[in-house]
$ cat protein-v1.cif   # mmCIF, C-alpha atoms
data_protein
loop_
_atom_site.label_atom_id
_atom_site.label_comp_id
_atom_site.auth_asym_id
_atom_site.auth_seq_id
_atom_site.Cartn_x
_atom_site.Cartn_y
_atom_site.Cartn_z
CA MET A 245 -5.78 -34.12 14.01
CA LYS A 246 -4.93 -30.51 14.76
CA THR A 247 -4.27 -31.34 18.41
CA ALA A 248 -1.98 -34.13 17.33
CA ILE A 249 0.02 -31.82 15.11
CA LEU A 250 0.26 -29.11 17.72
CA SER A 251 1.21 -31.44 20.53
CA ARG A 252 3.72 -33.35 18.43
CA ASN A 253 5.72 -30.21 17.93
CA HIS A 254 5.58 -29.57 21.59
CA SER A 255 6.26 -32.92 23.19
CA GLY A 256 7.72 -35.11 20.46
CA GLY A 257 7.80 -38.07 22.87
CA PRO A 258 5.48 -40.81 24.09
CA PRO A 259 1.67 -40.46 24.07
CA PRO A 260 0.99 -37.31 26.08
CA GLY A 261 -0.11 -37.76 29.67
CA ARG A 262 -2.66 -35.59 31.36
CA ARG A 263 -0.23 -32.75 32.04
CA GLU A 264 1.16 -32.76 28.53
CA ARG A 265 -2.32 -32.86 27.08
CA LYS A 266 -3.26 -29.85 29.16
CA ARG A 267 -0.18 -27.92 28.01
CA SER A 268 -1.01 -28.72 24.43
CA GLU A 269 -4.62 -27.64 24.89
CA THR A 270 -3.54 -24.36 26.46
CA ARG A 271 -1.08 -23.67 23.64
CA GLN A 272 -3.79 -24.35 21.10
CA ARG A 273 -6.32 -22.22 22.96
CA ILE A 274 -3.92 -19.26 23.00
CA PHE A 275 -3.17 -19.79 19.30
CA ARG A 276 -6.86 -19.95 18.35
CA ALA A 277 -7.79 -16.91 20.45
CA ALA A 278 -4.94 -14.92 18.93
CA MET A 279 -5.88 -15.90 15.37
CA ARG A 280 -9.45 -14.81 15.98
CA LEU A 281 -8.35 -11.44 17.34
CA PHE A 282 -5.78 -10.89 14.58
CA ALA A 283 -8.55 -11.52 12.08
CA GLU A 284 -11.01 -9.22 13.80
CA ARG A 285 -8.83 -6.23 14.61
CA GLY A 286 -5.49 -6.78 12.90
CA PHE A 287 -2.15 -7.91 14.21
CA PHE A 288 -0.88 -4.55 15.48
CA ASN A 289 -4.13 -3.63 17.20
CA THR A 290 -4.15 -6.82 19.25
CA THR A 291 -2.23 -6.78 22.54
CA VAL A 292 -0.92 -9.79 24.43
CA GLU A 293 -3.44 -8.86 27.12
CA ASP A 294 -6.31 -9.08 24.60
CA ILE A 295 -5.11 -12.55 23.73
CA THR A 296 -4.75 -13.73 27.33
CA ASP A 297 -8.22 -12.34 28.14
CA ALA A 298 -9.76 -14.11 25.17
CA ALA A 299 -7.94 -17.37 25.90
CA ASP A 300 -8.69 -17.05 29.62
CA VAL A 301 -5.05 -17.51 30.73
CA GLY A 302 -2.66 -15.32 32.69
CA LYS A 303 0.03 -13.19 31.03
CA GLY A 304 2.71 -15.37 32.64
CA THR A 305 1.15 -18.40 31.03
CA PHE A 306 1.25 -16.71 27.63
CA PHE A 307 4.97 -15.97 27.89
CA ASN A 308 5.51 -19.53 29.07
CA TYR A 309 4.43 -20.66 25.61
CA PHE A 310 5.35 -17.75 23.35
CA PRO A 311 8.25 -15.31 23.72
CA SER A 312 6.29 -12.70 21.72
CA LYS A 313 3.10 -12.02 19.80
CA GLU A 314 4.87 -12.86 16.53
CA HIS A 315 5.66 -16.33 17.83
CA VAL A 316 1.95 -17.16 18.01
CA LEU A 317 1.77 -16.99 14.22
CA GLY A 318 4.72 -19.35 14.27
CA VAL A 319 2.29 -22.08 15.37
CA LEU A 320 0.37 -21.61 12.15
CA HIS A 321 3.61 -22.05 10.23
CA GLU A 322 4.34 -25.26 12.18
CA VAL A 323 0.88 -26.54 11.33
CA GLN A 324 1.33 -25.72 7.64
CA LEU A 325 4.78 -27.28 7.44
CA SER A 326 3.47 -30.44 9.15
CA LYS A 327 0.90 -30.73 6.40
CA VAL A 328 3.52 -30.46 3.66
CA GLU A 329 5.60 -33.09 5.44
CA GLU A 330 2.57 -35.36 5.68
CA ALA A 331 2.01 -34.95 1.95
CA ARG A 332 5.63 -35.94 1.28
CA SER A 333 5.35 -39.01 3.55
CA ALA A 334 2.17 -40.02 1.74
CA ALA A 335 3.90 -39.55 -1.62
CA GLN A 336 6.83 -41.68 -0.47
CA ALA A 337 4.45 -44.38 0.78
CA GLY A 338 3.10 -44.43 -2.76
CA LYS A 339 -0.46 -45.48 -1.99
CA LEU A 340 -2.09 -42.67 -3.95
CA PRO A 341 -1.38 -41.20 -7.38
CA ILE A 342 0.48 -37.89 -6.99
CA HIS A 343 -2.51 -36.26 -8.72
CA ASP A 344 -4.94 -37.27 -5.97
CA LEU A 345 -2.46 -36.49 -3.25
CA LEU A 346 -1.73 -32.97 -4.54
CA ARG A 347 -5.39 -32.23 -5.08
CA GLN A 348 -6.17 -33.13 -1.46
CA PHE A 349 -3.10 -31.26 -0.30
CA MET A 350 -4.19 -28.03 -1.99
CA ARG A 351 -7.40 -28.14 0.05
CA ARG A 352 -5.58 -29.10 3.23
CA ILE A 353 -2.97 -26.33 3.06
CA ALA A 354 -5.67 -23.70 2.50
CA GLU A 355 -7.79 -24.97 5.36
CA GLU A 356 -6.26 -22.88 8.18
CA PRO A 357 -6.10 -19.49 6.43
CA GLY A 358 -9.41 -20.30 4.76
CA ARG A 359 -11.49 -20.79 7.93
CA SER A 360 -13.19 -17.50 7.16
CA GLN A 361 -12.73 -14.68 4.69
CA LEU A 362 -12.14 -12.31 7.60
CA LEU A 363 -9.41 -14.54 9.00
CA ALA A 364 -7.74 -14.86 5.59
CA ARG A 365 -7.81 -11.09 5.14
CA GLY A 366 -6.47 -10.60 8.66
CA LEU A 367 -3.59 -13.00 8.07
CA LEU A 368 -2.72 -11.40 4.75
CA ALA A 369 -2.85 -7.96 6.36
CA THR A 370 -0.37 -8.94 9.10
CA LEU A 371 1.90 -10.20 6.37
CA PHE A 372 2.18 -6.74 4.84
CA SER A 373 2.27 -4.75 8.07
CA SER A 374 4.76 -6.75 10.13
CA GLU A 375 8.35 -7.23 9.00
CA PRO A 376 9.00 -10.24 11.32
CA VAL A 377 5.84 -11.95 10.07
CA ARG A 378 6.87 -11.39 6.46
CA ILE A 379 10.36 -12.82 7.12
CA MET A 380 8.81 -15.81 8.91
CA LEU A 381 6.45 -16.51 6.01
CA LEU A 382 9.35 -16.25 3.58
CA GLU A 383 11.24 -18.94 5.50
CA THR A 384 8.21 -21.18 5.79
CA MET A 385 7.42 -20.84 2.09
CA THR A 386 11.02 -21.65 1.18
CA ARG A 387 11.06 -24.76 3.40
CA GLY A 388 7.62 -25.78 2.18
CA ARG A 389 8.69 -25.36 -1.43
CA ARG A 390 11.61 -27.75 -0.96
CA ILE A 391 9.40 -30.41 0.61
CA LEU A 392 6.73 -29.96 -2.04
CA GLY A 393 9.50 -30.13 -4.64
CA ASP A 394 10.30 -33.63 -3.34
CA VAL A 395 6.68 -34.64 -3.96
CA LEU A 396 6.76 -33.27 -7.51
CA LYS A 397 10.10 -34.99 -8.15
CA LEU A 398 8.52 -38.29 -7.13
CA GLY A 399 5.72 -37.51 -9.58
CA GLN A 400 8.30 -37.00 -12.32
CA GLU A 401 10.06 -40.26 -11.46
CA ARG A 402 6.76 -42.12 -11.59
CA GLY A 403 5.90 -40.64 -14.98
CA GLU A 404 2.92 -38.65 -13.70
CA ILE A 405 4.51 -35.20 -14.01
CA ARG A 406 6.32 -33.57 -16.93
CA ARG A 407 10.11 -33.67 -16.71
CA ASP A 408 11.05 -30.45 -18.49
CA LEU A 409 10.38 -28.19 -15.49
CA ARG A 410 12.30 -28.07 -12.22
CA PRO A 411 10.31 -29.46 -9.28
CA GLU A 412 10.95 -26.32 -7.20
CA GLU A 413 9.68 -24.12 -10.02
CA MET A 414 6.43 -26.11 -10.16
CA ALA A 415 6.25 -26.01 -6.35
CA ARG A 416 6.51 -22.22 -6.48
CA VAL A 417 3.67 -22.01 -8.98
CA PHE A 418 1.65 -24.32 -6.71
CA GLN A 419 2.24 -21.97 -3.77
CA GLN A 420 1.37 -18.93 -5.87
CA SER A 421 -1.83 -20.64 -7.00
CA VAL A 422 -2.93 -21.30 -3.44
CA LEU A 423 -2.01 -17.77 -2.30
CA GLY A 424 -3.80 -16.19 -5.26
CA THR A 425 -6.89 -18.34 -4.82
CA VAL A 426 -7.17 -17.59 -1.08
CA LEU A 427 -6.48 -13.89 -1.70
CA LEU A 428 -9.16 -13.43 -4.36
CA TRP A 429 -11.62 -15.56 -2.40
CA SER A 430 -11.01 -13.53 0.76
CA LEU A 431 -12.06 -10.31 -1.00
CA HIS A 432 -15.27 -11.68 -2.42
CA PRO A 433 -18.79 -12.18 -1.21
CA PRO A 434 -19.05 -15.64 0.35
CA ALA A 435 -18.17 -18.49 -2.00
CA SER A 436 -16.88 -22.02 -1.55
CA LEU A 437 -13.10 -21.90 -1.20
CA ASN A 438 -12.84 -25.62 -1.93
CA LYS A 439 -14.64 -25.23 -5.25
CA ARG A 440 -12.28 -22.43 -6.17
CA LEU A 441 -9.29 -24.55 -5.16
CA ASP A 442 -10.50 -27.50 -7.20
CA ALA A 443 -10.86 -25.28 -10.30
CA THR A 444 -7.39 -23.88 -9.68
CA PHE A 445 -5.99 -27.36 -9.25
CA GLU A 446 -7.63 -28.63 -12.44
CA ILE A 447 -5.71 -26.08 -14.52
CA PHE A 448 -2.51 -26.40 -12.49
CA TRP A 449 -2.48 -30.16 -12.87
CA ALA A 450 -3.21 -30.02 -16.59
CA GLY A 451 -0.21 -27.67 -16.74
CA ILE A 452 2.26 -29.99 -15.03
CA ARG A 453 1.10 -33.51 -15.83
CA ALA A 454 3.18 -35.72 -18.09
CA SER A 455 2.17 -35.25 -21.68
CA ARG A 456 0.69 -38.01 -23.81
CA GLU A 457 0.66 -35.73 -26.80
CA LEU A 458 1.15 -36.49 -30.42
CA PRO A 459 4.21 -34.75 -31.79
CA SER A 460 2.83 -31.76 -33.69
CA MET B 299 1.87 4.89 -23.32
CA LYS B 300 0.89 5.45 -19.74
CA THR B 301 0.18 9.11 -20.41
CA ALA B 302 -1.99 8.10 -23.31
CA ILE B 303 -4.02 5.75 -21.15
CA LEU B 304 -4.43 8.28 -18.37
CA SER B 305 -5.34 11.14 -20.65
CA ARG B 306 -7.70 9.05 -22.73
CA ASN B 307 -9.79 8.35 -19.67
CA HIS B 308 -9.76 11.99 -18.89
CA SER B 309 -10.41 13.67 -22.19
CA GLY B 310 -11.75 10.95 -24.46
CA GLY B 311 -12.00 13.43 -27.33
CA PRO B 312 -9.72 14.96 -29.94
CA PRO B 313 -5.93 15.18 -29.46
CA PRO B 314 -5.48 17.10 -26.23
CA GLY B 315 -4.57 20.75 -26.46
CA ARG B 316 -2.13 22.44 -24.15
CA ARG B 317 -4.60 22.90 -21.30
CA GLU B 318 -5.89 19.35 -21.51
CA ARG B 319 -2.37 18.02 -21.64
CA LYS B 320 -1.49 20.00 -18.53
CA ARG B 321 -4.55 18.64 -16.69
CA SER B 322 -3.59 15.12 -17.66
CA GLU B 323 -0.01 15.66 -16.51
CA THR B 324 -1.16 17.03 -13.17
CA ARG B 325 -3.52 14.12 -12.64
CA GLN B 326 -0.73 11.69 -13.41
CA ARG B 327 1.72 13.54 -11.15
CA ILE B 328 -0.70 13.37 -8.23
CA PHE B 329 -1.33 9.67 -8.92
CA ARG B 330 2.38 8.83 -9.08
CA ALA B 331 3.22 10.84 -5.95
CA ALA B 332 0.41 9.13 -4.05
CA MET B 333 1.45 5.65 -5.17
CA ARG B 334 5.00 6.32 -4.02
CA LEU B 335 3.83 7.51 -0.61
CA PHE B 336 1.33 4.65 -0.20
CA ALA B 337 4.17 2.25 -0.91
CA GLU B 338 6.58 3.94 1.48
CA ARG B 339 4.35 4.58 4.48
CA GLY B 340 1.08 2.78 3.83
CA PHE B 341 -2.29 4.04 2.72
CA PHE B 342 -3.62 5.14 6.12
CA ASN B 343 -0.42 6.90 7.14
CA THR B 344 -0.45 9.08 4.04
CA THR B 345 -2.48 12.30 4.21
CA VAL B 346 -3.83 14.29 1.27
CA GLU B 347 -1.37 17.00 2.36
CA ASP B 348 1.56 14.58 2.04
CA ILE B 349 0.41 13.85 -1.49
CA THR B 350 -0.04 17.48 -2.50
CA ASP B 351 3.39 18.32 -1.04
CA ALA B 352 5.03 15.47 -2.93
CA ALA B 353 3.21 16.31 -6.16
CA ASP B 354 3.83 20.05 -5.66
CA VAL B 355 0.18 21.03 -6.10
CA GLY B 356 -2.28 22.82 -3.84
CA LYS B 357 -4.94 21.03 -1.81
CA GLY B 358 -7.64 22.65 -3.94
CA THR B 359 -6.01 21.23 -7.05
CA PHE B 360 -6.02 17.74 -5.51
CA PHE B 361 -9.76 17.85 -4.79
CA ASN B 362 -10.30 19.18 -8.29
CA TYR B 363 -9.12 15.83 -9.58
CA PHE B 364 -9.99 13.41 -6.79
CA PRO B 365 -12.92 13.59 -4.34
CA SER B 366 -10.93 11.52 -1.82
CA LYS B 367 -7.68 9.68 -1.19
CA GLU B 368 -9.35 6.39 -2.19
CA HIS B 369 -10.16 7.82 -5.61
CA VAL B 370 -6.45 8.14 -6.40
CA LEU B 371 -6.18 4.35 -6.38
CA GLY B 372 -9.08 4.42 -8.81
CA VAL B 373 -6.63 5.70 -11.43
CA LEU B 374 -4.64 2.50 -11.06
CA HIS B 375 -7.82 0.53 -11.65
CA GLU B 376 -8.53 2.59 -14.80
CA VAL B 377 -5.01 1.89 -16.03
CA GLN B 378 -5.39 -1.84 -15.38
CA LEU B 379 -8.81 -2.06 -17.03
CA SER B 380 -7.48 -0.18 -20.07
CA LYS B 381 -4.82 -2.85 -20.42
CA VAL B 382 -7.37 -5.67 -20.34
CA GLU B 383 -9.44 -3.83 -22.93
CA GLU B 384 -6.37 -3.41 -25.12
CA ALA B 385 -5.73 -7.14 -24.87
CA ARG B 386 -9.31 -7.86 -25.96
CA SER B 387 -9.03 -5.46 -28.92
CA ALA B 388 -5.78 -7.13 -29.94
CA ALA B 389 -7.43 -10.55 -29.65
CA GLN B 390 -10.35 -9.38 -31.80
CA ALA B 391 -7.94 -7.96 -34.38
CA GLY B 392 -6.50 -11.47 -34.53
CA LYS B 393 -2.93 -10.56 -35.50
CA LEU B 394 -1.32 -12.59 -32.72
CA PRO B 395 -1.99 -16.09 -31.43
CA ILE B 396 -3.91 -15.91 -28.14
CA HIS B 397 -0.93 -17.63 -26.51
CA ASP B 398 1.46 -14.77 -27.35
CA LEU B 399 -1.10 -12.15 -26.51
CA LEU B 400 -1.89 -13.62 -23.07
CA ARG B 401 1.78 -14.10 -22.27
CA GLN B 402 2.48 -10.42 -22.99
CA PHE B 403 -0.66 -9.42 -21.14
CA MET B 404 0.41 -11.23 -17.97
CA ARG B 405 3.58 -9.11 -17.92
CA ARG B 406 1.70 -5.93 -18.77
CA ILE B 407 -0.96 -6.29 -16.09
CA ALA B 408 1.68 -6.90 -13.41
CA GLU B 409 3.78 -3.93 -14.51
CA GLU B 410 2.13 -1.25 -12.34
CA PRO B 411 1.92 -3.15 -9.03
CA GLY B 412 5.30 -4.70 -9.84
CA ARG B 413 7.32 -1.47 -10.15
CA SER B 414 8.96 -2.34 -6.85
CA GLN B 415 8.50 -4.93 -4.16
CA LEU B 416 7.78 -2.15 -1.69
CA LEU B 417 5.07 -0.73 -3.93
CA ALA B 418 3.50 -4.14 -4.41
CA ARG B 419 3.48 -4.75 -0.67
CA GLY B 420 2.06 -1.29 -0.07
CA LEU B 421 -0.75 -1.85 -2.55
CA LEU B 422 -1.57 -5.25 -1.11
CA ALA B 423 -1.55 -3.76 2.40
CA THR B 424 -4.08 -1.05 1.47
CA LEU B 425 -6.24 -3.78 0.04
CA PHE B 426 -6.57 -5.45 3.42
CA SER B 427 -6.77 -2.33 5.54
CA SER B 428 -9.28 -0.24 3.59
CA GLU B 429 -12.82 -1.43 2.97
CA PRO B 430 -13.47 1.00 0.06
CA VAL B 431 -10.25 -0.11 -1.64
CA ARG B 432 -11.21 -3.76 -1.26
CA ILE B 433 -14.67 -3.13 -2.74
CA MET B 434 -13.10 -1.18 -5.60
CA LEU B 435 -10.67 -4.00 -6.36
CA LEU B 436 -13.50 -6.50 -6.28
CA GLU B 437 -15.39 -4.51 -8.93
CA THR B 438 -12.31 -4.06 -11.08
CA MET B 439 -11.44 -7.75 -10.88
CA THR B 440 -15.01 -8.71 -11.81
CA ARG B 441 -15.04 -6.37 -14.83
CA GLY B 442 -11.53 -7.45 -15.81
CA ARG B 443 -12.53 -11.10 -15.57
CA ARG B 444 -15.41 -10.61 -18.01
CA ILE B 445 -13.19 -8.87 -20.55
CA LEU B 446 -10.46 -11.46 -20.15
CA GLY B 447 -13.17 -14.11 -20.50
CA ASP B 448 -13.92 -12.69 -23.96
CA VAL B 449 -10.28 -13.18 -24.91
CA LEU B 450 -10.30 -16.77 -23.70
CA LYS B 451 -13.57 -17.43 -25.52
CA LEU B 452 -11.94 -16.24 -28.75
CA GLY B 453 -9.10 -18.63 -27.99
CA GLN B 454 -11.63 -21.45 -27.66
CA GLU B 455 -13.33 -20.50 -30.94
CA ARG B 456 -9.98 -20.47 -32.72
CA GLY B 457 -9.07 -23.88 -31.36
CA GLU B 458 -6.18 -22.62 -29.26
CA ILE B 459 -7.82 -23.13 -25.87
CA ARG B 460 -9.60 -26.16 -24.40
CA ARG B 461 -13.37 -26.02 -24.59
CA ASP B 462 -14.35 -27.98 -21.48
CA LEU B 463 -13.82 -25.06 -19.06
CA ARG B 464 -15.82 -21.84 -18.83
CA PRO B 465 -13.88 -18.79 -20.05
CA GLU B 466 -14.64 -16.87 -16.84
CA GLU B 467 -13.34 -19.75 -14.74
CA MET B 468 -10.06 -19.73 -16.65
CA ALA B 469 -9.97 -15.93 -16.40
CA ARG B 470 -10.30 -16.23 -12.62
CA VAL B 471 -7.41 -18.67 -12.44
CA PHE B 472 -5.39 -16.26 -14.60
CA GLN B 473 -6.11 -13.43 -12.14
CA GLN B 474 -5.25 -15.64 -9.17
CA SER B 475 -1.99 -16.62 -10.86
CA VAL B 476 -0.96 -13.01 -11.34
CA LEU B 477 -1.98 -12.05 -7.79
CA GLY B 478 -0.16 -15.03 -6.29
CA THR B 479 2.97 -14.41 -8.34
CA VAL B 480 3.14 -10.72 -7.43
CA LEU B 481 2.38 -11.51 -3.78
CA LEU B 482 5.11 -14.13 -3.37
CA TRP B 483 7.57 -12.01 -5.35
CA SER B 484 6.84 -8.96 -3.21
CA LEU B 485 7.86 -10.82 -0.05
CA HIS B 486 11.14 -12.10 -1.38
CA PRO B 487 14.65 -10.78 -1.77
CA PRO B 488 14.94 -9.08 -5.15
CA ALA B 489 14.16 -11.33 -8.11
CA SER B 490 12.94 -10.77 -11.64
CA LEU B 491 9.16 -10.52 -11.60
CA ASN B 492 9.00 -11.09 -15.35
CA LYS B 493 10.88 -14.38 -15.06
CA ARG B 494 8.46 -15.47 -12.35
CA LEU B 495 5.49 -14.44 -14.49
CA ASP B 496 6.83 -16.32 -17.51
CA ALA B 497 7.22 -19.50 -15.42
CA THR B 498 3.69 -19.02 -14.07
CA PHE B 499 2.35 -18.48 -17.57
CA GLU B 500 4.11 -21.57 -18.94
CA ILE B 501 2.19 -23.81 -16.53
CA PHE B 502 -1.07 -21.84 -16.82
CA TRP B 503 -0.99 -22.05 -20.61
CA ALA B 504 -0.17 -25.76 -20.61
CA GLY B 505 -3.22 -26.09 -18.34
CA ILE B 506 -5.67 -24.32 -20.64
CA ARG B 507 -4.40 -24.94 -24.18
CA ALA B 508 -6.38 -27.17 -26.51
CA SER B 509 -5.24 -30.74 -26.21
CA ARG B 510 -3.59 -32.67 -28.98
CA GLU B 511 -3.55 -35.78 -26.85
CA LEU B 512 -3.79 -39.38 -27.85
CA PRO B 513 -6.81 -41.03 -26.31
CA SER B 514 -5.41 -43.02 -23.39
#
$ encode --input "protein-v1.cif" --output "structure tokens"
Amino acid sequence: MKTAILSRNHSGGPPPGRRERKRSETRQRIFRAAMRLFAERGFFNTTVEDITDAADVGKGTFFNYFPSKEHVLGVLHEVQLSKVEEARSAAQAGKLPIHDLLRQFMRRIAEEPGRSQLLARGLLATLFSSEPVRIMLLETMTRGRRILGDVLKLGQERGEIRRDLRPEEMARVFQQSVLGTVLLWSLHPPASLNKRLDATFEIFWAGIRASRELPS
Amino acid sequence: MKTAILSRNHSGGPPPGRRERKRSETRQRIFRAAMRLFAERGFFNTTVEDITDAADVGKGTFFNYFPSKEHVLGVLHEVQLSKVEEARSAAQAGKLPIHDLLRQFMRRIAEEPGRSQLLARGLLATLFSSEPVRIMLLETMTRGRRILGDVLKLGQERGEIRRDLRPEEMARVFQQSVLGTVLLWSLHPPASLNKRLDATFEIFWAGIRASRELPS
């Protein structure tokens, strides 16, 4: 799944041949090695050389794929945006209630940053120490919010979601909920992130679902 | 108000005399100067000397109040815990609906970290770069969650809040909501944090309030 997402952004064409598959694997290997190092020692303390050593590729190869260290985190943003787009496609296909789809999506979007508490803390740290990373996240969150807004709008049209709030406003609260859940989880002694996300989602959903209330 | 909170933790006794008041003012001045520097240049790049220069006190005076740089952030934790305790006292006094009280509390608890986006980012950065700060936050969040749980339990007993969720679970989601809102706000071009918090609270409250639903 992850390979598919990563290679799609890279090739975008017919089923990848051997060469394309190798390129995609190398790109992913560099990305994974970099993420591990960022998590272990922080973004600024990791050099391109550390990454190429860990990924077992030459420096030239690295710059073939990424113009700079910051651009490696861009892959994570691509992965996350692909997941939001998948959620929108699924919503448009209409096979699942928006409730089920959003619940799954909350887990899926937290999967990458939530691979380990150390990784989550590392990613959050880079966010506050690197201006380009912060700007990049801002853009990704804004794009993601629009796409997620489309999903919530569909939920409103289908009568699943309350109509008195703007879809983008609800999408923002969704993003905040995921960020806050991952943040608090990342600080804590080991706990199940998915359980935390499900509890978060339970309250979020009860907050946005269409009301069947008696007039008071 | 802030002075009262800070001095109460310090003196805890009768109305402070001149000397006590001066001690409290000095402690607060050091705290404020440190927070400003942490926000501007980060926790690790700020020395005790920078703080004493900015606060216009001697190094000896600093160590009179704080055993270490980390302990300065402890004042922020005291301030935050005082606010949660105030919310619980207000809930116990029962003069306001829990809804109104929690809505105000969400603004109040975000006030300190939310003084500026730079400050919020600085505080979040120290959280991920300093182990002692992370441990301290963990403890404060755990204590805060118990106190906030008492408030939510009162809300359940008074029929304002749904009874099928554990108070501490709802308190955790409340904390996550505030963290996520401040985090996303801190990354963005200037926006009103209070408006963001109100939108967050609207959905959170709708998620935890007692249901007046028709059986479906």
$ interface_residues --input "protein-v1.cif" --of "chain A" --to "chain B" --cutoff "7 Å" --atoms "all atoms listed in the file" --output "list in words"
Arg365, Ala369, Phe372, Ser373, Arg378, Leu382, Val417, Gln420, Ser421, Leu423, Gly424, Thr425, Leu428, Leu431, His432, Thr444, Ile447, Phe448, Trp449, Ala450, Gly451, Ile452, Arg456, Glu457 and Leu458 of chain A
$ resolve_selection --input "protein-v1.cif" --expression "the PyMOL selection byres ((chain B and resi 348) around 12)" --output "number ranges by chain"
B: 328, 331-336, 338-347, 349-357, 360, 367
$ residues_around --input "protein-v1.cif" --residues "Glu404 of chain A" --least-positions-apart "2" --cutoff "9 Å" --atoms "all atoms listed in the file" --output "MDAnalysis selection string"
chainID A and resid 341:343 398:402 406 452:455
$ write_last_selection --input "protein-v1.cif" --atoms "C-alpha atoms" --output "short mmCIF file (atom, residue, chain, number, x, y, z; two decimals), keeping the file's coordinate frame"
data_model
loop_
_atom_site.label_atom_id
_atom_site.label_comp_id
_atom_site.auth_asym_id
_atom_site.auth_seq_id
_atom_site.Cartn_x
_atom_site.Cartn_y
_atom_site.Cartn_z
CA PRO A 341 -1.38 -41.20 -7.38
CA ILE A 342 0.48 -37.89 -6.99
CA HIS A 343 -2.51 -36.26 -8.72
CA LEU A 398 8.52 -38.29 -7.13
CA GLY A 399 5.72 -37.51 -9.58
CA GLN A 400 8.30 -37.00 -12.32
CA GLU A 401 10.06 -40.26 -11.46
CA ARG A 402 6.76 -42.12 -11.59
CA ARG A 406 6.32 -33.57 -16.93
CA ILE A 452 2.26 -29.99 -15.03
CA ARG A 453 1.10 -33.51 -15.83
CA ALA A 454 3.18 -35.72 -18.09
CA SER A 455 2.17 -35.25 -21.68
#
$ atom_distance --input "protein-v1.cif" --atom1 "atom CA of Arg444 of chain B" --atom2 "atom CA of Asn438 of chain A"
22.1 Å
$ resolve_selection --input "protein-v1.cif" --expression "the PyMOL selection byres ((chain A and resi 316) around 10)" --output "PyMOL selection string"
chain A and resi 271-272+274-276+278-279+306+309-315+317-321
$ atom_distance --input "protein-v1.cif" --atom1 "atom CA of Val328 of chain A" --atom2 "atom CA of Lys439 of chain A"
20.9 Å
$ atom_distance --input "protein-v1.cif" --atom1 "atom CA of Pro411 of chain B" --atom2 "atom CA of Ser322 of chain B"
20.9 Å
$ resolve_selection --input "protein-v1.cif" --expression "the PyMOL selection byres ((chain A and resi 394) around 10)" --output "PyMOL selection string"
chain A and resi 329+331-332+335-336+388-393+395-400+411-412+415
